[in-house]
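Next up, protein.cif (mmCIF, C-alpha atoms):
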data_coords
loop_
_atom_site.group_PDB
_atom_site.id
_atom_site.type_symbol
_atom_site.label_atom_id
_atom_site.label_comp_id
_atom_site.auth_asym_id
_atom_site.auth_seq_id
_atom_site.Cartn_x
_atom_site.Cartn_y
_atom_site.Cartn_z
ATOM 1 C CA MET A 1 0.000 0.000 0.000
ATOM 2 C CA LYS A 2 1.293 3.408 -0.891
ATOM 3 C CA LEU A 3 0.372 6.235 1.380
ATOM 4 C CA TRP A 4 1.579 9.699 2.259
ATOM 5 C CA ALA A 5 2.369 10.806 5.773
ATOM 6 C CA THR A 6 4.689 13.242 7.434
ATOM 7 C CA ASN A 7 6.348 10.614 9.614
ATOM 8 C CA GLU A 8 6.521 6.884 10.177
ATOM 9 C CA VAL A 9 4.120 6.843 13.104
ATOM 10 C CA ARG A 10 1.418 8.568 11.106
ATOM 11 C CA ALA A 11 2.141 6.308 8.166
ATOM 12 C CA LYS A 12 1.567 3.188 10.239
ATOM 13 C CA SER A 13 -1.628 4.618 11.659
ATOM 14 C CA LYS A 14 -2.915 5.458 8.219
ATOM 15 C CA PHE A 15 -1.993 2.006 7.022
ATOM 16 C CA TRP A 16 -4.277 0.421 9.582
ATOM 17 C CA TYR A 17 -7.010 2.911 8.765
ATOM 18 C CA PHE A 18 -6.989 1.924 5.128
ATOM 19 C CA LEU A 19 -6.506 -1.771 5.801
ATOM 20 C CA ARG A 20 -9.570 -1.853 8.022
ATOM 21 C CA LYS A 21 -11.551 -0.637 5.034
ATOM 22 C CA LEU A 22 -10.188 -3.416 2.865
ATOM 23 C CA GLN A 23 -9.976 -6.373 5.226
ATOM 24 C CA LYS A 24 -11.465 -7.354 8.544
ATOM 25 C CA VAL A 25 -8.277 -6.767 10.512
ATOM 26 C CA LYS A 26 -7.266 -4.263 13.144
ATOM 27 C CA LYS A 27 -3.906 -3.194 14.412
ATOM 28 C CA ALA A 28 -4.442 -5.408 17.451
ATOM 29 C CA HIS A 29 -4.908 -8.492 15.300
ATOM 30 C CA GLY A 30 -2.430 -7.671 12.574
ATOM 31 C CA GLN A 31 1.261 -7.334 12.142
ATOM 32 C CA LEU A 32 3.008 -4.711 10.139
ATOM 33 C CA LEU A 33 5.805 -6.384 8.230
ATOM 34 C CA ALA A 34 7.663 -3.567 6.626
ATOM 35 C CA ILE A 35 7.504 0.126 6.194
ATOM 36 C CA ASN A 36 9.750 1.730 3.597
ATOM 37 C CA GLU A 37 10.128 5.232 2.383
ATOM 38 C CA ILE A 38 9.891 5.385 -1.367
ATOM 39 C CA PHE A 39 12.156 7.853 -3.089
ATOM 40 C CA GLU A 40 11.665 9.304 -6.511
ATOM 41 C CA LYS A 41 13.559 7.404 -9.159
ATOM 42 C CA TYR A 42 14.117 10.313 -11.567
ATOM 43 C CA PRO A 43 13.801 13.549 -9.601
ATOM 44 C CA THR A 44 15.251 15.678 -12.402
ATOM 45 C CA THR A 45 12.702 14.875 -15.085
ATOM 46 C CA ILE A 46 9.334 16.575 -15.304
ATOM 47 C CA LYS A 47 6.349 14.264 -15.214
ATOM 48 C CA ASN A 48 2.608 14.719 -15.465
ATOM 49 C CA TYR A 49 0.997 13.167 -12.431
ATOM 50 C CA GLY A 50 -2.634 12.164 -12.298
ATOM 51 C CA ILE A 51 -4.098 11.824 -8.832
ATOM 52 C CA TRP A 52 -7.458 10.245 -8.125
ATOM 53 C CA VAL A 53 -8.849 11.595 -4.899
ATOM 54 C CA ARG A 54 -11.813 10.784 -2.669
ATOM 55 C CA TYR A 55 -12.647 13.625 -0.354
ATOM 56 C CA GLN A 56 -15.251 14.591 2.151
ATOM 57 C CA SER A 57 -16.938 17.900 1.655
ATOM 58 C CA ARG A 58 -19.459 19.527 3.940
ATOM 59 C CA THR A 59 -22.245 17.655 2.185
ATOM 60 C CA GLY A 60 -20.813 14.265 1.341
ATOM 61 C CA TYR A 61 -18.058 12.308 -0.348
ATOM 62 C CA HIS A 62 -16.878 13.050 -3.856
ATOM 63 C CA ASN A 63 -14.284 11.729 -6.249
ATOM 64 C CA MET A 64 -11.920 13.857 -8.195
ATOM 65 C CA TYR A 65 -9.215 13.470 -10.748
ATOM 66 C CA LYS A 66 -6.451 16.052 -10.692
ATOM 67 C CA GLU A 67 -3.360 16.550 -12.802
ATOM 68 C CA TYR A 68 -0.101 18.140 -11.766
ATOM 69 C CA ARG A 69 3.215 18.712 -13.404
ATOM 70 C CA ASP A 70 6.077 18.076 -11.056
ATOM 71 C CA LEU A 71 9.432 16.433 -10.697
ATOM 72 C CA THR A 72 8.448 14.039 -7.919
ATOM 73 C CA LEU A 73 5.288 12.243 -6.889
ATOM 74 C CA ASN A 74 5.623 13.695 -3.407
ATOM 75 C CA GLY A 75 5.715 17.147 -4.935
ATOM 76 C CA ALA A 76 2.569 16.457 -6.918
ATOM 77 C CA VAL A 77 0.767 15.071 -3.855
ATOM 78 C CA GLU A 78 1.796 18.146 -1.878
ATOM 79 C CA GLN A 79 0.412 20.324 -4.655
ATOM 80 C CA MET A 80 -2.804 18.337 -4.536
ATOM 81 C CA TYR A 81 -3.266 18.819 -0.806
ATOM 82 C CA ASP A 82 -2.567 22.525 -1.111
ATOM 83 C CA GLU A 83 -4.986 22.882 -3.989
ATOM 84 C CA MET A 84 -7.754 20.922 -2.271
ATOM 85 C CA ALA A 85 -7.353 23.088 0.784
ATOM 86 C CA SER A 86 -7.464 26.320 -1.148
ATOM 87 C CA ARG A 87 -10.050 25.504 -3.776
ATOM 88 C CA HIS A 88 -12.411 23.265 -1.802
ATOM 89 C CA ARG A 89 -11.508 23.967 1.841
ATOM 90 C CA VAL A 90 -10.819 20.262 2.310
ATOM 91 C CA ARG A 91 -8.229 19.464 4.921
ATOM 92 C CA PHE A 92 -5.724 16.659 5.043
ATOM 93 C CA PRO A 93 -7.718 14.162 7.126
ATOM 94 C CA CYS A 94 -10.660 14.342 4.746
ATOM 95 C CA ILE A 95 -8.679 13.410 1.649
ATOM 96 C CA GLN A 96 -7.985 9.872 0.546
ATOM 97 C CA ILE A 97 -5.696 9.251 -2.369
ATOM 98 C CA ILE A 98 -7.201 6.431 -4.380
ATOM 99 C CA LYS A 99 -4.598 6.217 -7.066
ATOM 100 C CA THR A 100 -1.671 8.088 -8.481
ATOM 101 C CA GLY A 101 0.170 7.663 -11.710
ATOM 102 C CA THR A 102 2.376 9.333 -14.262
ATOM 103 C CA ILE A 103 0.300 10.196 -17.274
ATOM 104 C CA PRO A 104 1.817 10.214 -20.739
ATOM 105 C CA VAL A 105 1.442 13.443 -22.606
ATOM 106 C CA SER A 106 -1.206 12.142 -25.005
ATOM 107 C CA LEU A 107 -3.520 11.101 -22.189
ATOM 108 C CA CYS A 108 -3.440 14.279 -20.135
ATOM 109 C CA LYS A 109 -6.865 15.770 -19.724
ATOM 110 C CA ARG A 110 -6.420 19.123 -18.104
ATOM 111 C CA VAL A 111 -5.702 22.168 -20.254
ATOM 112 C CA ASN A 112 -3.570 23.601 -17.467
ATOM 113 C CA THR A 113 -1.036 20.777 -17.809
ATOM 114 C CA LYS A 114 -1.403 20.468 -21.576
ATOM 115 C CA GLN A 115 -0.402 24.090 -22.127
ATOM 116 C CA PHE A 116 3.113 23.215 -20.963
ATOM 117 C CA HIS A 117 3.452 20.353 -23.444
ATOM 118 C CA ASN A 118 5.314 22.524 -25.879
ATOM 119 C CA SER A 119 8.967 21.947 -26.636
ATOM 120 C CA LYS A 120 9.277 25.526 -27.900
ATOM 121 C CA ILE A 121 7.604 27.050 -24.892
ATOM 122 C CA LYS A 122 8.207 30.753 -24.577
ATOM 123 C CA PHE A 123 6.565 33.380 -22.455
ATOM 124 C CA PRO A 124 7.605 36.589 -20.750
ATOM 125 C CA LEU A 125 7.477 37.223 -17.046
ATOM 126 C CA THR A 126 5.082 40.113 -17.090
ATOM 127 C CA THR A 127 5.540 41.595 -13.631
ATOM 128 C CA ARG A 128 8.566 41.361 -11.429
ATOM 129 C CA LYS A 129 8.729 42.065 -7.760
ATOM 130 C CA ILE A 130 12.240 43.138 -6.905
ATOM 131 C CA ARG A 131 13.110 41.936 -3.469
ATOM 132 C CA PRO A 132 16.323 42.043 -1.447
ATOM 133 C CA PRO A 133 18.395 38.884 -1.831
ATOM 134 C CA THR A 134 18.238 38.128 1.870
ATOM 135 C CA ARG A 135 15.637 38.927 4.479
ATOM 136 C CA SER A 136 18.216 40.743 6.573
ATOM 137 C CA LEU A 137 18.464 43.405 3.847
ATOM 138 C CA LYS A 138 14.747 44.075 3.974
ATOM 139 C CA THR A 139 13.762 47.702 4.771
ATOM 140 C CA THR A 140 10.374 49.087 5.700
ATOM 141 C CA TYR A 141 10.724 52.275 3.699
ATOM 142 C CA LYS A 142 12.058 52.710 0.206
ATOM 143 C CA ALA A 143 13.364 55.875 -1.409
ATOM 144 C CA SER A 144 11.535 55.357 -4.666
ATOM 145 C CA ARG A 145 8.514 53.520 -5.994
ATOM 146 C CA PRO A 146 9.185 50.076 -7.391
ATOM 147 C CA ASN A 147 9.257 49.387 -11.091
ATOM 148 C CA THR A 148 7.573 46.063 -11.788
ATOM 149 C CA PHE A 149 8.585 45.814 -15.428
ATOM 150 C CA VAL A 150 11.129 43.026 -15.848
ATOM 151 C CA MET B 1 5.526 47.710 -23.229
ATOM 152 C CA VAL B 2 7.509 45.296 -25.333
ATOM 153 C CA PHE B 3 8.819 42.208 -23.646
ATOM 154 C CA ARG B 4 12.328 41.346 -24.702
ATOM 155 C CA ARG B 5 13.356 38.678 -22.245
ATOM 156 C CA PHE B 6 11.357 35.474 -22.387
ATOM 157 C CA VAL B 7 11.308 32.330 -20.369
ATOM 158 C CA GLU B 8 12.379 29.780 -22.957
ATOM 159 C CA ILE B 9 14.543 26.739 -23.143
ATOM 160 C CA GLY B 10 18.095 28.005 -23.356
ATOM 161 C CA ARG B 11 17.487 31.331 -21.604
ATOM 162 C CA VAL B 12 20.283 32.220 -19.221
ATOM 163 C CA ALA B 13 19.070 33.623 -15.931
ATOM 164 C CA LEU B 14 20.560 34.887 -12.718
ATOM 165 C CA ILE B 15 19.365 33.514 -9.396
ATOM 166 C CA ASN B 16 18.492 36.549 -7.307
ATOM 167 C CA TYR B 17 17.375 34.983 -4.045
ATOM 168 C CA GLY B 18 18.256 32.072 -1.880
ATOM 169 C CA PRO B 19 21.394 30.072 -1.189
ATOM 170 C CA GLN B 20 22.494 30.113 -4.833
ATOM 171 C CA HIS B 21 22.157 33.860 -5.141
ATOM 172 C CA GLY B 22 24.275 35.324 -7.913
ATOM 173 C CA LYS B 23 24.588 32.160 -9.948
ATOM 174 C CA LEU B 24 24.078 32.039 -13.709
ATOM 175 C CA VAL B 25 21.852 29.166 -14.783
ATOM 176 C CA VAL B 26 20.170 27.958 -17.944
ATOM 177 C CA ILE B 27 16.449 27.241 -18.139
ATOM 178 C CA VAL B 28 16.207 23.738 -19.587
ATOM 179 C CA ASP B 29 12.472 23.160 -19.136
ATOM 180 C CA VAL B 30 9.356 24.704 -17.723
ATOM 181 C CA ILE B 31 7.492 22.750 -15.065
ATOM 182 C CA ASP B 32 4.464 24.968 -14.736
ATOM 183 C CA GLN B 33 3.625 28.636 -14.672
ATOM 184 C CA ASN B 34 5.643 29.230 -11.527
ATOM 185 C CA ARG B 35 8.595 26.908 -11.780
ATOM 186 C CA ALA B 36 11.376 26.149 -14.186
ATOM 187 C CA LEU B 37 13.896 23.380 -14.374
ATOM 188 C CA ILE B 38 17.326 24.960 -14.322
ATOM 189 C CA ASP B 39 20.740 23.560 -14.966
ATOM 190 C CA SER B 40 24.305 24.744 -15.063
ATOM 191 C CA PRO B 41 27.573 22.973 -15.853
ATOM 192 C CA ASP B 42 28.556 22.855 -12.186
ATOM 193 C CA MET B 43 25.291 22.085 -10.424
ATOM 194 C CA VAL B 44 22.649 19.383 -10.216
ATOM 195 C CA ARG B 45 19.535 20.032 -12.281
ATOM 196 C CA THR B 46 16.870 21.453 -9.962
ATOM 197 C CA GLN B 47 13.592 23.269 -9.994
ATOM 198 C CA ILE B 48 13.315 26.906 -9.079
ATOM 199 C CA ASN B 49 10.538 29.416 -8.823
ATOM 200 C CA PHE B 50 10.519 32.190 -11.419
ATOM 201 C CA LYS B 51 10.379 34.655 -8.556
ATOM 202 C CA ARG B 52 13.956 33.714 -7.759
ATOM 203 C CA LEU B 53 15.159 34.229 -11.305
ATOM 204 C CA SER B 54 16.196 37.360 -13.156
ATOM 205 C CA LEU B 55 16.220 36.714 -16.882
ATOM 206 C CA THR B 56 19.213 37.980 -18.823
ATOM 207 C CA ASP B 57 19.578 38.850 -22.499
ATOM 208 C CA ILE B 58 21.779 35.840 -23.093
ATOM 209 C CA THR B 59 20.267 32.720 -24.645
ATOM 210 C CA ILE B 60 21.744 29.461 -25.784
ATOM 211 C CA PRO B 61 20.133 29.014 -29.192
ATOM 212 C CA GLU B 62 18.793 25.644 -30.311
ATOM 213 C CA LEU B 63 19.073 23.996 -26.939
ATOM 214 C CA PRO B 64 17.019 20.789 -26.798
ATOM 215 C CA ARG B 65 14.555 20.346 -23.948
ATOM 216 C CA THR B 66 16.246 18.914 -20.829
ATOM 217 C CA PRO B 67 19.535 18.115 -22.524
ATOM 218 C CA PRO B 68 21.998 15.669 -21.006
ATOM 219 C CA LYS B 69 24.736 17.304 -18.980
ATOM 220 C CA LYS B 70 27.414 16.798 -21.662
ATOM 221 C CA VAL B 71 25.248 18.471 -24.297
ATOM 222 C CA LEU B 72 24.476 21.348 -21.967
ATOM 223 C CA LYS B 73 28.132 21.864 -21.078
ATOM 224 C CA LYS B 74 29.126 21.946 -24.742
ATOM 225 C CA ALA B 75 26.315 24.294 -25.696
ATOM 226 C CA TYR B 76 27.129 26.525 -22.718
ATOM 227 C CA GLU B 77 30.727 26.836 -23.864
ATOM 228 C CA ASP B 78 29.862 27.242 -27.548
ATOM 229 C CA ALA B 79 27.464 30.054 -26.775
ATOM 230 C CA GLU B 80 30.217 31.707 -24.672
ATOM 231 C CA VAL B 81 27.779 32.489 -21.909
ATOM 232 C CA GLU B 82 30.387 33.387 -19.306
ATOM 233 C CA GLN B 83 32.205 35.783 -21.661
ATOM 234 C CA LYS B 84 28.980 37.420 -22.781
ATOM 235 C CA TRP B 85 28.006 37.861 -19.146
ATOM 236 C CA ALA B 86 31.370 39.335 -18.189
ATOM 237 C CA ASN B 87 31.164 41.781 -21.084
ATOM 238 C CA SER B 88 27.602 42.835 -20.415
ATOM 239 C CA ALA B 89 26.895 45.993 -18.447
ATOM 240 C CA TRP B 90 24.924 44.041 -15.863
ATOM 241 C CA GLY B 91 27.700 41.492 -15.458
ATOM 242 C CA LYS B 92 30.301 44.202 -15.062
ATOM 243 C CA LYS B 93 28.249 45.998 -12.432
ATOM 244 C CA LEU B 94 27.860 42.810 -10.447
ATOM 245 C CA ALA B 95 31.570 42.078 -10.762
ATOM 246 C CA VAL B 96 32.394 45.522 -9.361
ATOM 247 C CA ARG B 97 29.951 44.952 -6.521
ATOM 248 C CA THR B 98 31.437 41.600 -5.588
ATOM 249 C CA LYS B 99 34.950 43.021 -5.844
ATOM 250 C CA ARG B 100 34.041 45.884 -3.544
ATOM 251 C CA ALA B 101 32.480 43.530 -1.052
ATOM 252 C CA SER B 102 35.549 41.315 -1.033
ATOM 253 C CA LEU B 103 38.114 44.082 -0.444
ATOM 254 C CA THR B 104 40.345 43.815 2.576
ATOM 255 C CA ASP B 105 41.220 46.833 4.670
ATOM 256 C CA PHE B 106 44.527 47.141 2.837
ATOM 257 C CA ASP B 107 42.693 47.044 -0.515
ATOM 258 C CA ARG B 108 40.391 49.775 0.686
ATOM 259 C CA PHE B 109 43.409 51.817 1.693
ATOM 260 C CA LYS B 110 44.875 51.378 -1.775
ATOM 261 C CA VAL B 111 41.587 52.464 -3.339
ATOM 262 C CA MET B 112 41.549 55.546 -1.111
ATOM 263 C CA VAL B 113 45.098 56.447 -2.126
ATOM 264 C CA ALA B 114 44.249 56.058 -5.808
ATOM 265 C CA ARG B 115 41.121 58.165 -5.432
ATOM 266 C CA VAL B 116 43.002 60.936 -3.666
ATOM 267 C CA LYS B 117 45.707 60.852 -6.327
ATOM 268 C CA LYS B 118 43.169 61.113 -9.145
ATOM 269 C CA SER B 119 41.290 63.962 -7.528
ATOM 270 C CA SER B 120 44.527 65.828 -6.862
ATOM 271 C CA ILE B 121 45.447 65.637 -10.571
ATOM 272 C CA VAL B 122 42.012 66.938 -11.471
ATOM 273 C CA ARG B 123 42.194 69.772 -9.009
ATOM 274 C CA ARG B 124 45.641 70.734 -10.206
ATOM 275 C CA GLU B 125 44.326 71.063 -13.763
ATOM 276 C CA LEU B 126 41.432 73.062 -12.453
ATOM 277 C CA GLY B 127 43.782 75.416 -10.730
ATOM 278 C CA LYS B 128 45.822 75.910 -13.891
ATOM 279 C CA MET B 129 42.929 77.339 -15.832
ATOM 280 C CA GLN B 130 43.140 81.095 -16.409
ATOM 281 C CA THR B 131 39.547 82.277 -16.612
ATOM 282 C CA SER B 132 37.318 82.024 -13.621
ATOM 283 C CA ARG B 133 34.801 79.284 -13.890
ATOM 284 C CA ILE B 134 31.291 79.104 -12.586
ATOM 285 C CA PHE B 135 30.076 75.920 -14.164
ATOM 286 C CA THR B 136 32.212 72.913 -14.051
ATOM 287 C CA TRP B 137 30.999 69.442 -14.851
ATOM 288 C CA PHE B 138 33.080 66.378 -14.321
ATOM 289 C CA LEU B 139 32.296 63.402 -16.500
ATOM 290 C CA VAL B 140 34.054 60.484 -14.916
ATOM 291 C CA THR B 141 34.577 57.431 -17.080
ATOM 292 C CA SER B 142 36.365 54.288 -16.061
ATOM 293 C CA ASN B 143 39.830 55.463 -17.023
ATOM 294 C CA SER B 144 39.563 59.197 -17.611
ATOM 295 C CA VAL B 145 37.961 62.348 -16.363
ATOM 296 C CA ILE B 146 36.382 64.803 -18.787
ATOM 297 C CA MET B 147 35.970 68.248 -17.342
ATOM 298 C CA LEU B 148 33.539 70.624 -19.001
ATOM 299 C CA CYS B 149 33.936 74.213 -17.876
ATOM 300 C CA CYS B 150 32.184 77.409 -18.759
ATOM 301 C CA SER B 151 33.771 80.778 -18.101
ATOM 302 C CA GLN B 152 32.058 83.539 -16.155
ATOM 303 C CA GLN B 153 32.553 86.220 -18.797
ATOM 304 C CA LEU B 154 31.195 84.190 -21.646
ATOM 305 C CA PHE B 155 28.231 83.068 -19.627
ATOM 306 C CA ASN B 156 27.377 86.691 -19.003
ATOM 307 C CA GLU B 157 27.470 87.331 -22.701
ATOM 308 C CA LYS B 158 25.061 84.484 -23.116
ATOM 309 C CA GLN B 159 27.687 82.606 -25.038
ATOM 310 C CA VAL B 160 28.430 79.460 -23.269
ATOM 311 C CA LEU B 161 31.710 78.075 -24.335
ATOM 312 C CA PHE B 162 32.729 74.825 -22.927
ATOM 313 C CA GLN B 163 36.361 74.205 -22.311
ATOM 314 C CA CYS B 164 36.772 70.546 -22.475
ATOM 315 C CA PHE B 165 39.651 68.955 -20.667
ATOM 316 C CA LEU B 166 40.445 65.331 -21.055
ATOM 317 C CA LEU B 167 42.677 64.246 -18.294
#
Hey, can you dump this file as structure tokens for me?
Amino acid sequence: MKLWATNEVRAKSKFWYFLRKLQKVKKAHGQLLAINEIFEKYPTTIKNYGIWVRYQSRTGYHNMYKEYRDLTLNGAVEQMYDEMASRHRVRFPCIQIIKTGTIPVSLCKRVNTKQFHNSKIKFPLTTRKIRPPTRSLKTTYKASRPNTFV
Amino acid sequence: MVFRRFVEIGRVALINYGPQHGKLVVIVDVIDQNRALIDSPDMVRTQINFKRLSLTDITIPELPRTPPKKVLKKAYEDAEVEQKWANSAWGKKLAVRTKRASLTDFDRFKVMVARVKKSSIVRRELGKMQTSRIFTWFLVTSNSVIMLCCSQQLFNEKQVLFQCFLL
């Protein structure tokens, strides 16, 4: 079973939570054989991740399919949690990841990911916020107004 | 407002925030609207937010998407990115800034001595001039000082004559 948790303890707990939904076994009756952290095999290549999600909203349970472009699956899952929280106000405990997978370019559904499937991609950065290179150089007052053009 | 610098594969950018501040990198792919995959001959390929990048005018033309390191290194050298950067006004300004920041006390003393020497030469020339001046502009370039002076008398006659001294 693949699941996402911030630490091992939570991972084990979540394992039993999901296993109880699949089999009639509780932590008291079962034995956890192995727990391994899975690392990304190719963290320097960009992949299109599809994540199938079951979440609980204020009115019931819903399924969702979301796509993200990221280097790692963990990164995509993190994006998914952030997006669910911001767009649907769904918090971590109410989200269950049904399935994840890397989607080949031809099968991507969302326009937001498909727009980056362009080997000659080119766009300008329209507004720039100039900020000091370190937080220690931050000042409250500036002598002149900022110029946000490039 | 015409945009001249684009995020594209092969665009050279400067990292302007974070631990790798001041580093020149090449954009080798775009992850999404906020992040790019960057690479450089002496670093591991990573992602970075566009907010941390300042695009430069330098591009590596015809760079394939996410090239292998060997290809990138060769293209980086063929496009002479480092030389173009060192010759650019921006690159020169940054080089001066880093040099200034890295001066030791003795270096600063030497700079002070050189400055005093230069200003004394300028002032000596100023003193040598015969007519009284009221307007004097100093144009200081990297290796010379151009002094533009206008005499009192001529200014009164509404004829402004500029005596130009190249020191």
Quick one: axis-aligned box around all listed atoms of stretch 68-87 of chain A, 8 Å on every side, centre and edge lengths in Å to one decimal, written as lines of an AutoDock Vina configuration file.
center_x = -0.3
center_y = 19.3
center_z = -6.3
size_x = 35.5
size_y = 30.1
size_z = 30.2
Within 12 Å of (-7.7, 19.3, 0.1) (coordinates as in the file), grab all the protein and nucleic acid residues, counting all atoms listed in the file, and write them out as a ChimeraX atom specification.
/A:53-57,62-64,66,77-97
Spatial neighbours of B:Ile15, max dist 12 Å, all atoms listed in the file, sep filter under 2 positions, as a PDB file with C-alpha atoms, in the coordinates of the input:
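Saved file around26.pdb follows:
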ATOM      1  CA  PRO A 133      18.395  38.884  -1.831  1.00  0.00           C
TER       2      PRO A 133
ATOM      3  CA  VAL B  12      20.283  32.220 -19.221  1.00  0.00           C
ATOM      4  CA  ALA B  13      19.070  33.623 -15.931  1.00  0.00           C
ATOM      5  CA  TYR B  17      17.375  34.983  -4.045  1.00  0.00           C
ATOM      6  CA  GLY B  18      18.256  32.072  -1.880  1.00  0.00           C
ATOM      7  CA  PRO B  19      21.394  30.072  -1.189  1.00  0.00           C
ATOM      8  CA  GLN B  20      22.494  30.113  -4.833  1.00  0.00           C
ATOM      9  CA  HIS B  21      22.157  33.860  -5.141  1.00  0.00           C
ATOM     10  CA  GLY B  22      24.275  35.324  -7.913  1.00  0.00           C
ATOM     11  CA  LYS B  23      24.588  32.160  -9.948  1.00  0.00           C
ATOM     12  CA  LEU B  24      24.078  32.039 -13.709  1.00  0.00           C
ATOM     13  CA  VAL B  25      21.852  29.166 -14.783  1.00  0.00           C
ATOM     14  CA  VAL B  26      20.170  27.958 -17.944  1.00  0.00           C
ATOM     15  CA  ILE B  27      16.449  27.241 -18.139  1.00  0.00           C
ATOM     16  CA  ALA B  36      11.376  26.149 -14.186  1.00  0.00           C
ATOM     17  CA  ILE B  38      17.326  24.960 -14.322  1.00  0.00           C
ATOM     18  CA  ASP B  39      20.740  23.560 -14.966  1.00  0.00           C
ATOM     19  CA  SER B  40      24.305  24.744 -15.063  1.00  0.00           C
ATOM     20  CA  GLN B  47      13.592  23.269  -9.994  1.00  0.00           C
ATOM     21  CA  ILE B  48      13.315  26.906  -9.079  1.00  0.00           C
ATOM     22  CA  ASN B  49      10.538  29.416  -8.823  1.00  0.00           C
ATOM     23  CA  PHE B  50      10.519  32.190 -11.419  1.00  0.00           C
ATOM     24  CA  LYS B  51      10.379  34.655  -8.556  1.00  0.00           C
ATOM     25  CA  ARG B  52      13.956  33.714  -7.759  1.00  0.00           C
ATOM     26  CA  LEU B  53      15.159  34.229 -11.305  1.00  0.00           C
ATOM     27  CA  SER B  54      16.196  37.360 -13.156  1.00  0.00           C
ATOM     28  CA  LEU B  55      16.220  36.714 -16.882  1.00  0.00           C
ATOM     29  CA  THR B  56      19.213  37.980 -18.823  1.00  0.00           C
TER      30      THR B  56
END
Find the residues in chain A near chain B: any atom within 12 Å counts, using all atoms listed in the file. Write them as a PyMOL selection string.
chain A and resi 42-49+67-72+75-76+79+111-135+137+148-150
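Nearest residue to B:Leu139 among B:Val122, B:Phe109, B:Trp85, B:Lys93 is B:Val122, counting only C-alpha atoms.
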Spatial neighbours of B:Ala79, 9 Å, all atoms listed in the file, chain gap at least 3 places, as a PyMOL selection string:
chain B and resi 58-61+74-76+82+84
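The coordinates place atom CA of A:Lys12 at 17.7 Å from atom CA of A:Asn74.
Put simply, atom CA of B:Val28 is 6.0 Å away from atom CA of B:Gly10.
Atom CA of A:Met1 is positioned 10.3 Å from atom CA of A:Lys14.
Closest approach to B:Ile121 among B:Val145, B:Lys70, B:Asp42, B:Ala95: B:Val145, based on all atoms listed in the file.
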Using only C-alpha atoms, give me every residue within 12 Å of (42.9, 65.2, -10.4) in file coordinates, as a ChimeraX atom specification.
/B:114-128,138,140,144-147,165-167
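Compared by their closest atoms to B:Ser88, and using all atoms listed in the file, the residues B:Met129, B:Asp57, B:Asn143, B:Pro67 rank with B:Asp57 nearest.
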